[in-house]
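Below you'll find the structure, written out as structure tokens, and then a few comments.
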Amino acid sequence: MTTLAEKFGRDDWTRFTLRQRMTRYGVIFGCALAIAWALTSIEVIWAWVWGAPEQIGDLFGRMYPPDPTNLETILKVLWDTVNIATFATTFAVLLSLPVAYIAAQNTTPNRATLWLGRLILVTSRSVNTIIWALLFVAIFGPGVVAGILAIMFRSIGFVGKLLGEAIEEIDRRPVEALEATGASRFKVIAYAIVPQVMPTFWAVSILRWDINLRESTVLGLVGAGGIGIILQGAIDTFNWPEVATILIAIIVLVIIGEVISAYLRRRIL
Amino acid sequence: MLKITDLVKRYGSGDPVLKNLDLTIEGESVVSIIGSSGAGKSTLLRCINRLVEPTSGSINLNGTELTSLRGKNLRAARRKIGMVFQGFNLVDRLTVMENVQSGRLGYISTWSAVTRRYPKADIRRAYELMERVGIAQYANTRADQLSGGERQRVGVVRALMQDPDILLADEPTASLDPKTSEQIMGLLRDLAGELKLPVLINIHNVTEAKEYTDRIVGMRYGRIIFDDVPAKLDQEAMDQIYAGSPHADRAKDGAAA
Amino acid sequence: MSAPRDTWKKPPFIANPLLRWAVILGAVAYFGWVGLTMPIDWNRVSEGLGRAGRIFSGAFPPSFERSGLLIDGFLESLKIAILATAGGVLLSIPIAFMSARNVAPKPIFYLGRAIIIVARSFHPVIVAILFVKAVGFGPFAGVLTLIVYSVGFVAKMLAERIEEIDFGQVEAMRAAGAPYFSTLTYAIFPQIMPRQIGLTIYQLDSNLRASAVVGIVGAGGIGATLANAFGRYDYDFALAITMVIVGVILVSEAISGVIRKRIQ
């Protein structure tokens, strides 16, 4: 009796065919090449790189122990930060409703509005909050207004895109049923479309609020209000113990935000 | 009276789905339309309330020519045509009352629609009808929590809230189990009698069609090939309606042309 | 049943009336009070419109005159993104194993989770500003920042994937007497590899976006070029840079989307 292996003259086995192996090697080689290119051409002073662990250790060493003398101011500014995030999220969510409506293929009035909607979404989404903040600080001067506007402009694209997709994915049949009752366009939207996108609306709003809480902590670094301003101040004056307190405050804020948004999600959905 | 003359519906450039169809429905009769899938039953129904745009021909309901209506006039005409759907087509996340009142959307103001302040008469009517079909206790329940039979009852009440001149039902029982299905058919027949309302029902189940309707229209590939009382629907007629395939018909039409 | 009723009210969103009114009044009070007490300098804001006009008229048409600077800045961003992705992904594999509940011992699990939480809580810009202080201005601070940023995301997602793996395969390997690392390569890696590759591509894309931002606080790349242009009121150059950033982000998003779809 011959074994199967003898019968087919095979006693070797490889995981991949030659072609598959070649593609894999190609991809790995390409990645290695990209990394090598980046490593050799990036403008860094390598002596600094080797000294980096020591420097970073030193920095953290100087942060200890955290200095809570300015805690009251820190908490006050932290509250401003929360307000920036909350106000900006609220405005952005309201403004994103009409944008989502014209950016969804099945509700947009015509092709021109569809492209207008998409243009708004893409512009808003591709420009980072910090870049928006630079612009608004230049226009309205340093402060809360620039911060709120920056976060708003970034959030409209995010919320609008997800809402628009939710509108495109609704069940068409109730819409058909209400059209058959002779209801006007507006009433069909209010009764057949709005209820279907409500869960997404809340989920996206909460998610974006959580993200905005994080984003609003850095606005101050470019002058747009919130905790970032005193963080920048503490760093510039080399007051590392206070920097540590601010960083801890930010972590606590972000974790509280996450807990609240998780709770709201569970309650509402 | 609903009078359909020479109705043609063609999707794109293909063969017509409805071919020069004539149909008249008078009085308060319950009429069922039978035929295999693809015979054009659903298209016919949807042409009547213009969810589907007819290619040519005329549809006249109580003196109003439906095929030429646009905008406001079309909506006013649709108010008078109730429709019950195979998939119920309820808004799942709204309460039963809101679903039922959505049948009145063509009548009430936008303000009362959005704020859910419905006219007293409408609420009374809704409770009466819900009581009649046995779903009044669910007024505040969300539609997605009901069983299939209950959901279809909501669908029927919604259509009746429109105070329609005619009721269209597109496979109203196809998503239901046999027992519930018979209850819904019985309900449609009884309500038609009580409200003096003509009802046009697309249906797959021939036994139910025979039992619950006064007149059967048999369709085959876009044409009406049988139109008589249920007693006249014998085996031969059944074979004609259900035998063959649209494809075979298409070949024959081609040869004839 | 009694005679049909003629009133109906939609059941309220929050059934408990006390809680409902508390939520409504709380929201009104919050928005009213905070809205009125926000530290806003309205005079300064009202000057903004004129200023906006000047900025926008200064920004049009966008100037690509110094495109050499633009390309250099952009290539530096790309290098930062590549190195940070490579470093971050390598580093996140052990951290992911540390923070997966089903493979790590309890104390190590908590340590891993703590690393992830810290890495995720800080916006990359804050991390960047600290690294700039520690290791000086330039792309190296950017690479370090984005390594932290990548660990926060990739390690978290990967740890979740590891927690979902089919443990039967691990048991089968152990039953066959395989040592620890063979078990890892045969039973766990094949299960997490597709996710890992998808995450890597996604992270490269998002590092490229983030590298444009961390430069604003001095961590190298196109962001530094943009911040400089803004600082010198070169709004036409700033607009050109922003347009290029947006274009590159759209292209890289499309490419990463296509590749991830191919792989699955």
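Residues in the structure tokens are numbered from 1 in each chain, the chains being A, B, ... in the order shown, and ligands are numbered from 1 in the order shown.
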Select residues of chain B: the criterion is any atom within 10 Å of an atom of chain A, counting only C-alpha atoms; output as an mmCIF file with N, CA and C atoms, in the first residue's frame.
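result.cif, freshly written:
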data_model
loop_
_atom_site.group_PDB
_atom_site.id
_atom_site.type_symbol
_atom_site.label_atom_id
_atom_site.label_comp_id
_atom_site.auth_asym_id
_atom_site.auth_seq_id
_atom_site.Cartn_x
_atom_site.Cartn_y
_atom_site.Cartn_z
ATOM 1 N N ARG B 46 -50.258 50.044 -7.182
ATOM 2 C CA ARG B 46 -49.442 51.246 -6.938
ATOM 3 C C ARG B 46 -49.668 52.318 -8.008
ATOM 4 N N ASN B 49 -52.683 54.711 -6.667
ATOM 5 C CA ASN B 49 -52.376 55.887 -5.842
ATOM 6 C C ASN B 49 -51.079 56.562 -6.275
ATOM 7 N N ARG B 50 -50.594 56.171 -7.461
ATOM 8 C CA ARG B 50 -49.457 56.854 -8.099
ATOM 9 C C ARG B 50 -48.162 56.730 -7.311
ATOM 10 N N LEU B 51 -48.015 55.651 -6.478
ATOM 11 C CA LEU B 51 -46.693 55.370 -5.944
ATOM 12 C C LEU B 51 -45.818 54.915 -7.100
ATOM 13 N N GLY B 71 -48.528 67.396 -7.373
ATOM 14 C CA GLY B 71 -48.360 68.174 -6.151
ATOM 15 C C GLY B 71 -49.537 68.100 -5.199
ATOM 16 N N LYS B 72 -50.100 69.270 -4.899
ATOM 17 C CA LYS B 72 -51.151 69.374 -3.904
ATOM 18 C C LYS B 72 -52.380 68.534 -4.264
ATOM 19 N N ASN B 73 -52.743 68.572 -5.545
ATOM 20 C CA ASN B 73 -53.929 67.831 -5.963
ATOM 21 C C ASN B 73 -53.718 66.336 -5.841
ATOM 22 N N LEU B 74 -52.502 65.886 -6.161
ATOM 23 C CA LEU B 74 -52.187 64.469 -6.033
ATOM 24 C C LEU B 74 -52.308 64.053 -4.567
ATOM 25 N N ARG B 75 -51.759 64.911 -3.670
ATOM 26 C CA ARG B 75 -51.824 64.566 -2.245
ATOM 27 C C ARG B 75 -53.269 64.525 -1.762
ATOM 28 N N ALA B 76 -54.088 65.482 -2.264
ATOM 29 C CA ALA B 76 -55.496 65.499 -1.872
ATOM 30 C C ALA B 76 -56.189 64.221 -2.339
ATOM 31 N N ALA B 77 -55.837 63.745 -3.543
ATOM 32 C CA ALA B 77 -56.452 62.521 -4.067
ATOM 33 C C ALA B 77 -55.982 61.311 -3.259
ATOM 34 N N ARG B 78 -54.694 61.308 -2.903
ATOM 35 C CA ARG B 78 -54.164 60.169 -2.146
ATOM 36 C C ARG B 78 -54.829 60.029 -0.778
ATOM 37 N N ARG B 79 -55.236 61.173 -0.211
ATOM 38 C CA ARG B 79 -55.912 61.103 1.085
ATOM 39 C C ARG B 79 -57.118 60.188 1.008
ATOM 40 N N LYS B 80 -57.764 60.166 -0.176
ATOM 41 C CA LYS B 80 -59.006 59.418 -0.320
ATOM 42 C C LYS B 80 -58.766 57.971 -0.727
ATOM 43 N N ILE B 81 -57.494 57.564 -0.825
ATOM 44 C CA ILE B 81 -57.170 56.181 -1.182
ATOM 45 C C ILE B 81 -56.343 55.587 -0.049
ATOM 46 N N GLY B 82 -56.947 54.673 0.709
ATOM 47 C CA GLY B 82 -56.195 54.044 1.797
ATOM 48 C C GLY B 82 -55.390 52.884 1.262
ATOM 49 N N MET B 83 -54.213 52.615 1.886
ATOM 50 C CA MET B 83 -53.440 51.470 1.410
ATOM 51 C C MET B 83 -52.891 50.678 2.589
ATOM 52 N N VAL B 84 -53.005 49.349 2.459
ATOM 53 C CA VAL B 84 -52.470 48.439 3.470
ATOM 54 C C VAL B 84 -51.355 47.656 2.796
ATOM 55 N N PHE B 85 -50.204 47.509 3.486
ATOM 56 C CA PHE B 85 -49.018 46.952 2.837
ATOM 57 C C PHE B 85 -48.689 45.553 3.351
ATOM 58 N N GLY B 87 -45.670 44.453 4.145
ATOM 59 C CA GLY B 87 -44.727 44.541 5.266
ATOM 60 C C GLY B 87 -45.201 45.493 6.339
ATOM 61 N N PHE B 88 -46.481 45.804 6.381
ATOM 62 C CA PHE B 88 -47.128 46.707 7.351
ATOM 63 C C PHE B 88 -46.667 48.156 7.177
ATOM 64 N N ASN B 89 -45.342 48.346 6.930
ATOM 65 C CA ASN B 89 -44.787 49.690 6.714
ATOM 66 C C ASN B 89 -45.152 50.673 7.815
ATOM 67 N N LEU B 90 -45.068 50.200 9.053
ATOM 68 C CA LEU B 90 -45.286 51.107 10.175
ATOM 69 C C LEU B 90 -43.963 51.794 10.501
ATOM 70 N N VAL B 91 -44.060 52.916 11.213
ATOM 71 C CA VAL B 91 -42.845 53.555 11.715
ATOM 72 C C VAL B 91 -42.570 52.923 13.077
ATOM 73 N N ASP B 92 -41.578 52.030 13.105
ATOM 74 C CA ASP B 92 -41.350 51.186 14.275
ATOM 75 C C ASP B 92 -41.182 51.943 15.576
ATOM 76 N N ARG B 93 -40.490 53.074 15.506
ATOM 77 C CA ARG B 93 -40.126 53.735 16.757
ATOM 78 C C ARG B 93 -41.204 54.698 17.257
ATOM 79 N N LEU B 94 -42.322 54.796 16.547
ATOM 80 C CA LEU B 94 -43.412 55.641 17.041
ATOM 81 C C LEU B 94 -44.456 54.759 17.722
ATOM 82 N N GLU B 98 -49.471 57.273 17.223
ATOM 83 C CA GLU B 98 -48.851 58.134 16.214
ATOM 84 C C GLU B 98 -48.923 57.494 14.832
ATOM 85 N N ASN B 99 -48.727 56.171 14.792
ATOM 86 C CA ASN B 99 -48.837 55.482 13.513
ATOM 87 C C ASN B 99 -50.246 55.599 12.944
ATOM 88 N N SER B 102 -50.952 58.987 11.710
ATOM 89 C CA SER B 102 -50.225 59.378 10.503
ATOM 90 C C SER B 102 -51.110 59.198 9.273
ATOM 91 N N GLY B 103 -52.204 58.452 9.399
ATOM 92 C CA GLY B 103 -53.173 58.385 8.317
ATOM 93 C C GLY B 103 -53.892 59.710 8.104
ATOM 94 N N ARG B 104 -53.869 60.579 9.117
ATOM 95 C CA ARG B 104 -54.543 61.883 9.010
ATOM 96 C C ARG B 104 -53.594 62.988 8.557
ATOM 97 N N LEU B 105 -52.331 62.631 8.290
ATOM 98 C CA LEU B 105 -51.344 63.676 8.007
ATOM 99 C C LEU B 105 -51.753 64.570 6.846
ATOM 100 N N GLY B 106 -52.506 64.018 5.899
ATOM 101 C CA GLY B 106 -52.924 64.823 4.765
ATOM 102 C C GLY B 106 -53.945 65.871 5.151
ATOM 103 N N TYR B 107 -54.581 65.706 6.318
ATOM 104 C CA TYR B 107 -55.656 66.613 6.707
ATOM 105 C C TYR B 107 -55.213 67.664 7.703
ATOM 106 N N ILE B 108 -54.385 67.257 8.688
ATOM 107 C CA ILE B 108 -54.120 68.165 9.810
ATOM 108 C C ILE B 108 -52.982 69.130 9.478
ATOM 109 N N SER B 109 -52.866 70.173 10.314
ATOM 110 C CA SER B 109 -51.836 71.175 10.067
ATOM 111 C C SER B 109 -50.470 70.624 10.454
ATOM 112 N N THR B 110 -49.442 71.200 9.866
ATOM 113 C CA THR B 110 -48.085 70.775 10.176
ATOM 114 C C THR B 110 -47.806 70.941 11.664
ATOM 115 N N TRP B 111 -48.308 72.030 12.219
ATOM 116 C CA TRP B 111 -48.067 72.306 13.636
ATOM 117 C C TRP B 111 -48.621 71.184 14.504
ATOM 118 N N ALA B 113 -49.258 68.212 13.605
ATOM 119 C CA ALA B 113 -48.557 66.965 13.314
ATOM 120 C C ALA B 113 -47.265 66.883 14.120
ATOM 121 N N VAL B 114 -46.504 67.983 14.118
ATOM 122 C CA VAL B 114 -45.207 67.962 14.779
ATOM 123 C C VAL B 114 -45.357 67.923 16.296
ATOM 124 N N GLY B 155 -51.870 48.891 10.663
ATOM 125 C CA GLY B 155 -51.803 49.317 9.268
ATOM 126 C C GLY B 155 -53.200 49.561 8.693
ATOM 127 N N ARG B 158 -54.683 52.701 10.234
ATOM 128 C CA ARG B 158 -54.057 53.887 9.652
ATOM 129 C C ARG B 158 -54.717 54.231 8.312
ATOM 130 N N ALA B 159 -54.932 53.193 7.483
ATOM 131 C CA ALA B 159 -55.544 53.443 6.177
ATOM 132 C C ALA B 159 -56.974 53.948 6.339
ATOM 133 N N MET B 161 -58.212 55.615 8.843
ATOM 134 C CA MET B 161 -58.207 56.974 9.391
ATOM 135 C C MET B 161 -58.229 58.021 8.282
ATOM 136 N N GLN B 162 -57.766 57.633 7.101
ATOM 137 C CA GLN B 162 -57.756 58.583 5.994
ATOM 138 C C GLN B 162 -59.164 58.918 5.523
ATOM 139 N N PRO B 164 -61.098 56.967 3.612
ATOM 140 C CA PRO B 164 -60.883 56.777 2.184
ATOM 141 C C PRO B 164 -62.171 56.469 1.424
#
Requested in this report: Pull out every residue of chain B that has at least one atom within 10 Å of chain C, counting only C-alpha atoms, and report them as a VMD selection string.
Outcome: chain B and resid 94 to 95 97 to 98 115 to 131 136 to 137 139 to 141
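The neighbours of C:Gly218 here are the residues that come within 7 Å of it, using only C-alpha atoms and leaving out any residue fewer than 6 positions away in the same chain; they are Val132, Phe137, Gly138 and Ala224 of chain C.
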Report summary line: Using only C-alpha atoms, the best pick from C:Ile241, C:Leu83, C:Ala27, C:Ala141 as closest to chain A would be C:Leu83
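Across the structure, atom CA of C:Ala59 and atom CA of A:Ser155 are spaced 23.8 Å apart.
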Would you give me, as JSON lines, each residue of chain A having an atom within 6 Å of an atom of chain C, along with its shortest atom pair and that distance in Å to one decimal, using only C-alpha atoms and sorting by chain and residue number?
{"residue": "A:Ala38", "atom": "CA", "partner": "C:Lys79", "partner_atom": "CA", "distance": 4.7}
{"residue": "A:Ala52", "atom": "CA", "partner": "C:Val135", "partner_atom": "CA", "distance": 5.8}
{"residue": "A:Gln55", "atom": "CA", "partner": "C:Ala134", "partner_atom": "CA", "distance": 5.5}
{"residue": "A:Ile56", "atom": "CA", "partner": "C:Ala134", "partner_atom": "CA", "distance": 5.4}
{"residue": "A:Ser126", "atom": "CA", "partner": "C:Val246", "partner_atom": "CA", "distance": 5.4}
{"residue": "A:Ile139", "atom": "CA", "partner": "C:Gly48", "partner_atom": "CA", "distance": 5.0}
{"residue": "A:Phe140", "atom": "CA", "partner": "C:Gly48", "partner_atom": "CA", "distance": 4.6}
{"residue": "A:Ile251", "atom": "CA", "partner": "C:Ser121", "partner_atom": "CA", "distance": 5.7}
Requested in this report: Mind checking which residues fall within 10 Å of C:Thr183, counting only C-alpha atoms, ignoring those fewer than 2 positions away in the same chain, and posting them as a PyMOL selection string?
Outcome: chain C and resi 169-174+176-181+185-189
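Listed by chain and then by rising number, the residues of stretch 144-242 of chain B that DSSP assigns to strand (DSSP E) from the backbone are B:Ile166, B:Leu167, B:Leu168, B:Ala169, B:Asp170, B:Val199, B:Leu200, B:Ile201, B:Asn202, B:Arg215, B:Ile216, B:Val217, B:Gly218, B:Met219, B:Arg220, B:Arg223, B:Ile224, B:Ile225, B:Phe226, B:Asp227, B:Asp228.
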Would you mind exporting N, CA and C atoms of the selected residues as a PDB file, in the first residue's frame?
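Heads up, here's the output in part13.pdb:
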ATOM      1  N   ILE B 166     -61.750  54.396  -1.187  1.00  0.00           N
ATOM      2  CA  ILE B 166     -61.431  53.034  -1.613  1.00  0.00           C
ATOM      3  C   ILE B 166     -60.228  52.581  -0.803  1.00  0.00           C
ATOM      4  N   LEU B 167     -60.170  51.269  -0.546  1.00  0.00           N
ATOM      5  CA  LEU B 167     -59.050  50.728   0.216  1.00  0.00           C
ATOM      6  C   LEU B 167     -58.272  49.762  -0.673  1.00  0.00           C
ATOM      7  N   LEU B 168     -56.961  49.981  -0.779  1.00  0.00           N
ATOM      8  CA  LEU B 168     -56.108  49.074  -1.529  1.00  0.00           C
ATOM      9  C   LEU B 168     -55.316  48.242  -0.531  1.00  0.00           C
ATOM     10  N   ALA B 169     -55.195  46.943  -0.770  1.00  0.00           N
ATOM     11  CA  ALA B 169     -54.406  46.112   0.141  1.00  0.00           C
ATOM     12  C   ALA B 169     -53.447  45.268  -0.692  1.00  0.00           C
ATOM     13  N   ASP B 170     -52.144  45.504  -0.481  1.00  0.00           N
ATOM     14  CA  ASP B 170     -51.130  44.810  -1.281  1.00  0.00           C
ATOM     15  C   ASP B 170     -50.587  43.624  -0.495  1.00  0.00           C
ATOM     16  N   VAL B 199     -63.043  47.538  -1.614  1.00  0.00           N
ATOM     17  CA  VAL B 199     -61.703  47.121  -1.226  1.00  0.00           C
ATOM     18  C   VAL B 199     -61.090  46.317  -2.364  1.00  0.00           C
ATOM     19  N   LEU B 200     -59.837  46.607  -2.691  1.00  0.00           N
ATOM     20  CA  LEU B 200     -59.136  45.902  -3.757  1.00  0.00           C
ATOM     21  C   LEU B 200     -57.929  45.223  -3.119  1.00  0.00           C
ATOM     22  N   ILE B 201     -57.922  43.881  -3.158  1.00  0.00           N
ATOM     23  CA  ILE B 201     -56.886  43.148  -2.427  1.00  0.00           C
ATOM     24  C   ILE B 201     -56.035  42.303  -3.375  1.00  0.00           C
ATOM     25  N   ASN B 202     -54.737  42.509  -3.365  1.00  0.00           N
ATOM     26  CA  ASN B 202     -53.812  41.594  -4.032  1.00  0.00           C
ATOM     27  C   ASN B 202     -53.602  40.425  -3.121  1.00  0.00           C
ATOM     28  N   ARG B 215     -65.525  39.075  -5.578  1.00  0.00           N
ATOM     29  CA  ARG B 215     -65.219  39.026  -7.003  1.00  0.00           C
ATOM     30  C   ARG B 215     -63.724  38.768  -7.121  1.00  0.00           C
ATOM     31  N   ILE B 216     -63.345  37.938  -8.088  1.00  0.00           N
ATOM     32  CA  ILE B 216     -61.934  37.610  -8.256  1.00  0.00           C
ATOM     33  C   ILE B 216     -61.471  38.047  -9.642  1.00  0.00           C
ATOM     34  N   VAL B 217     -60.366  38.761  -9.661  1.00  0.00           N
ATOM     35  CA  VAL B 217     -59.766  39.160 -10.924  1.00  0.00           C
ATOM     36  C   VAL B 217     -58.458  38.380 -11.062  1.00  0.00           C
ATOM     37  N   GLY B 218     -58.325  37.629 -12.133  1.00  0.00           N
ATOM     38  CA  GLY B 218     -57.103  36.845 -12.331  1.00  0.00           C
ATOM     39  C   GLY B 218     -56.201  37.538 -13.332  1.00  0.00           C
ATOM     40  N   MET B 219     -54.954  37.769 -12.929  1.00  0.00           N
ATOM     41  CA  MET B 219     -54.029  38.458 -13.837  1.00  0.00           C
ATOM     42  C   MET B 219     -52.940  37.510 -14.276  1.00  0.00           C
ATOM     43  N   ARG B 220     -52.517  37.671 -15.483  1.00  0.00           N
ATOM     44  CA  ARG B 220     -51.391  36.902 -15.964  1.00  0.00           C
ATOM     45  C   ARG B 220     -50.577  37.790 -16.886  1.00  0.00           C
ATOM     46  N   ARG B 223     -52.041  41.236 -17.999  1.00  0.00           N
ATOM     47  CA  ARG B 223     -53.398  41.290 -18.550  1.00  0.00           C
ATOM     48  C   ARG B 223     -54.372  40.654 -17.571  1.00  0.00           C
ATOM     49  N   ILE B 224     -55.644  41.084 -17.676  1.00  0.00           N
ATOM     50  CA  ILE B 224     -56.678  40.434 -16.875  1.00  0.00           C
ATOM     51  C   ILE B 224     -57.271  39.324 -17.722  1.00  0.00           C
ATOM     52  N   ILE B 225     -57.161  38.058 -17.221  1.00  0.00           N
ATOM     53  CA  ILE B 225     -57.676  36.965 -18.036  1.00  0.00           C
ATOM     54  C   ILE B 225     -58.834  36.263 -17.363  1.00  0.00           C
ATOM     55  N   PHE B 226     -59.203  36.731 -16.155  1.00  0.00           N
ATOM     56  CA  PHE B 226     -60.365  36.164 -15.482  1.00  0.00           C
ATOM     57  C   PHE B 226     -60.989  37.261 -14.648  1.00  0.00           C
ATOM     58  N   ASP B 227     -62.314  37.384 -14.644  1.00  0.00           N
ATOM     59  CA  ASP B 227     -62.973  38.412 -13.844  1.00  0.00           C
ATOM     60  C   ASP B 227     -64.394  37.958 -13.583  1.00  0.00           C
ATOM     61  N   ASP B 228     -64.610  37.366 -12.386  1.00  0.00           N
ATOM     62  CA  ASP B 228     -65.945  36.830 -12.121  1.00  0.00           C
ATOM     63  C   ASP B 228     -66.117  36.550 -10.639  1.00  0.00           C
TER      64      ASP B 228
END
Query raised in the report: So which bits of stretch 39-268 of chain A end up alpha helix (DSSP H) when you DSSP the backbone, as a ChimeraX atom specification?
Result: /A:39-41,46-63,71-103,111-126,129-140,144-168,172-180,185-188,194-216,227-236,240-268
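Excluding stretch 103-116 of chain A itself and any same-chain residue fewer than 4 positions from it, the protein and nucleic acid residues within 7 Å of it, counting only C-alpha atoms, are A:Val99, A:Ile120, A:Gly164, A:Glu165, A:Ile167, A:Glu168.
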Query raised in the report: Could you pull the residues within 9 Å of C:Met98, counting only C-alpha atoms, minus those fewer than 4 positions along the same chain, as number ranges by chain?
Result: C: 93-94, 103-105, 108-113, 159
Requested in this report: Extract, using only C-alpha atoms, all DNA, RNA and protein residues at most 9 Å from stretch 211-214 of chain B, discarding same-chain residues fewer than 4 positions from it, and format them as an MDAnalysis selection string.
Outcome: chainID B and resid 29:32 182 185:186 188:189 201 206:207 228:230
Just the selected residues (N, CA and C atoms), exported as a PDB file, in the first residue's frame, please.
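Result file follows (result.pdb):
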ATOM      1  N   SER B  29     -67.947  46.524  -3.175  1.00  0.00           N
ATOM      2  CA  SER B  29     -67.562  45.129  -3.271  1.00  0.00           C
ATOM      3  C   SER B  29     -66.125  44.928  -2.814  1.00  0.00           C
ATOM      4  N   VAL B  30     -65.857  43.705  -2.353  1.00  0.00           N
ATOM      5  CA  VAL B  30     -64.488  43.337  -2.018  1.00  0.00           C
ATOM      6  C   VAL B  30     -63.945  42.523  -3.194  1.00  0.00           C
ATOM      7  N   VAL B  31     -62.927  43.076  -3.849  1.00  0.00           N
ATOM      8  CA  VAL B  31     -62.399  42.441  -5.043  1.00  0.00           C
ATOM      9  C   VAL B  31     -60.986  41.948  -4.749  1.00  0.00           C
ATOM     10  N   SER B  32     -60.698  40.706  -5.142  1.00  0.00           N
ATOM     11  CA  SER B  32     -59.326  40.238  -4.965  1.00  0.00           C
ATOM     12  C   SER B  32     -58.677  40.071  -6.319  1.00  0.00           C
ATOM     13  N   GLU B 182     -56.217  34.749   8.239  1.00  0.00           N
ATOM     14  CA  GLU B 182     -57.673  34.660   8.061  1.00  0.00           C
ATOM     15  C   GLU B 182     -58.391  35.737   8.860  1.00  0.00           C
ATOM     16  N   MET B 185     -58.156  38.952   6.907  1.00  0.00           N
ATOM     17  CA  MET B 185     -59.037  38.938   5.737  1.00  0.00           C
ATOM     18  C   MET B 185     -60.489  39.144   6.162  1.00  0.00           C
ATOM     19  N   GLY B 186     -60.884  38.462   7.257  1.00  0.00           N
ATOM     20  CA  GLY B 186     -62.245  38.614   7.771  1.00  0.00           C
ATOM     21  C   GLY B 186     -62.514  40.064   8.158  1.00  0.00           C
ATOM     22  N   LEU B 188     -61.020  42.763   7.014  1.00  0.00           N
ATOM     23  CA  LEU B 188     -61.119  43.628   5.830  1.00  0.00           C
ATOM     24  C   LEU B 188     -62.509  43.518   5.215  1.00  0.00           C
ATOM     25  N   ARG B 189     -63.024  42.259   5.133  1.00  0.00           N
ATOM     26  CA  ARG B 189     -64.344  42.073   4.535  1.00  0.00           C
ATOM     27  C   ARG B 189     -65.414  42.757   5.387  1.00  0.00           C
ATOM     28  N   ILE B 201     -57.922  43.881  -3.158  1.00  0.00           N
ATOM     29  CA  ILE B 201     -56.886  43.148  -2.427  1.00  0.00           C
ATOM     30  C   ILE B 201     -56.035  42.303  -3.375  1.00  0.00           C
ATOM     31  N   VAL B 206     -55.337  31.632  -2.830  1.00  0.00           N
ATOM     32  CA  VAL B 206     -56.577  31.559  -3.600  1.00  0.00           C
ATOM     33  C   VAL B 206     -57.750  31.131  -2.725  1.00  0.00           C
ATOM     34  N   THR B 207     -57.482  30.249  -1.754  1.00  0.00           N
ATOM     35  CA  THR B 207     -58.553  29.814  -0.853  1.00  0.00           C
ATOM     36  C   THR B 207     -59.131  31.013  -0.114  1.00  0.00           C
ATOM     37  N   ASP B 228     -64.610  37.366 -12.386  1.00  0.00           N
ATOM     38  CA  ASP B 228     -65.945  36.830 -12.121  1.00  0.00           C
ATOM     39  C   ASP B 228     -66.117  36.550 -10.639  1.00  0.00           C
ATOM     40  N   VAL B 229     -67.285  36.024 -10.281  1.00  0.00           N
ATOM     41  CA  VAL B 229     -67.520  35.667  -8.875  1.00  0.00           C
ATOM     42  C   VAL B 229     -66.674  34.449  -8.530  1.00  0.00           C
ATOM     43  N   PRO B 230     -66.354  34.278  -7.234  1.00  0.00           N
ATOM     44  CA  PRO B 230     -65.469  33.188  -6.830  1.00  0.00           C
ATOM     45  C   PRO B 230     -65.952  31.825  -7.292  1.00  0.00           C
TER      46      PRO B 230
END
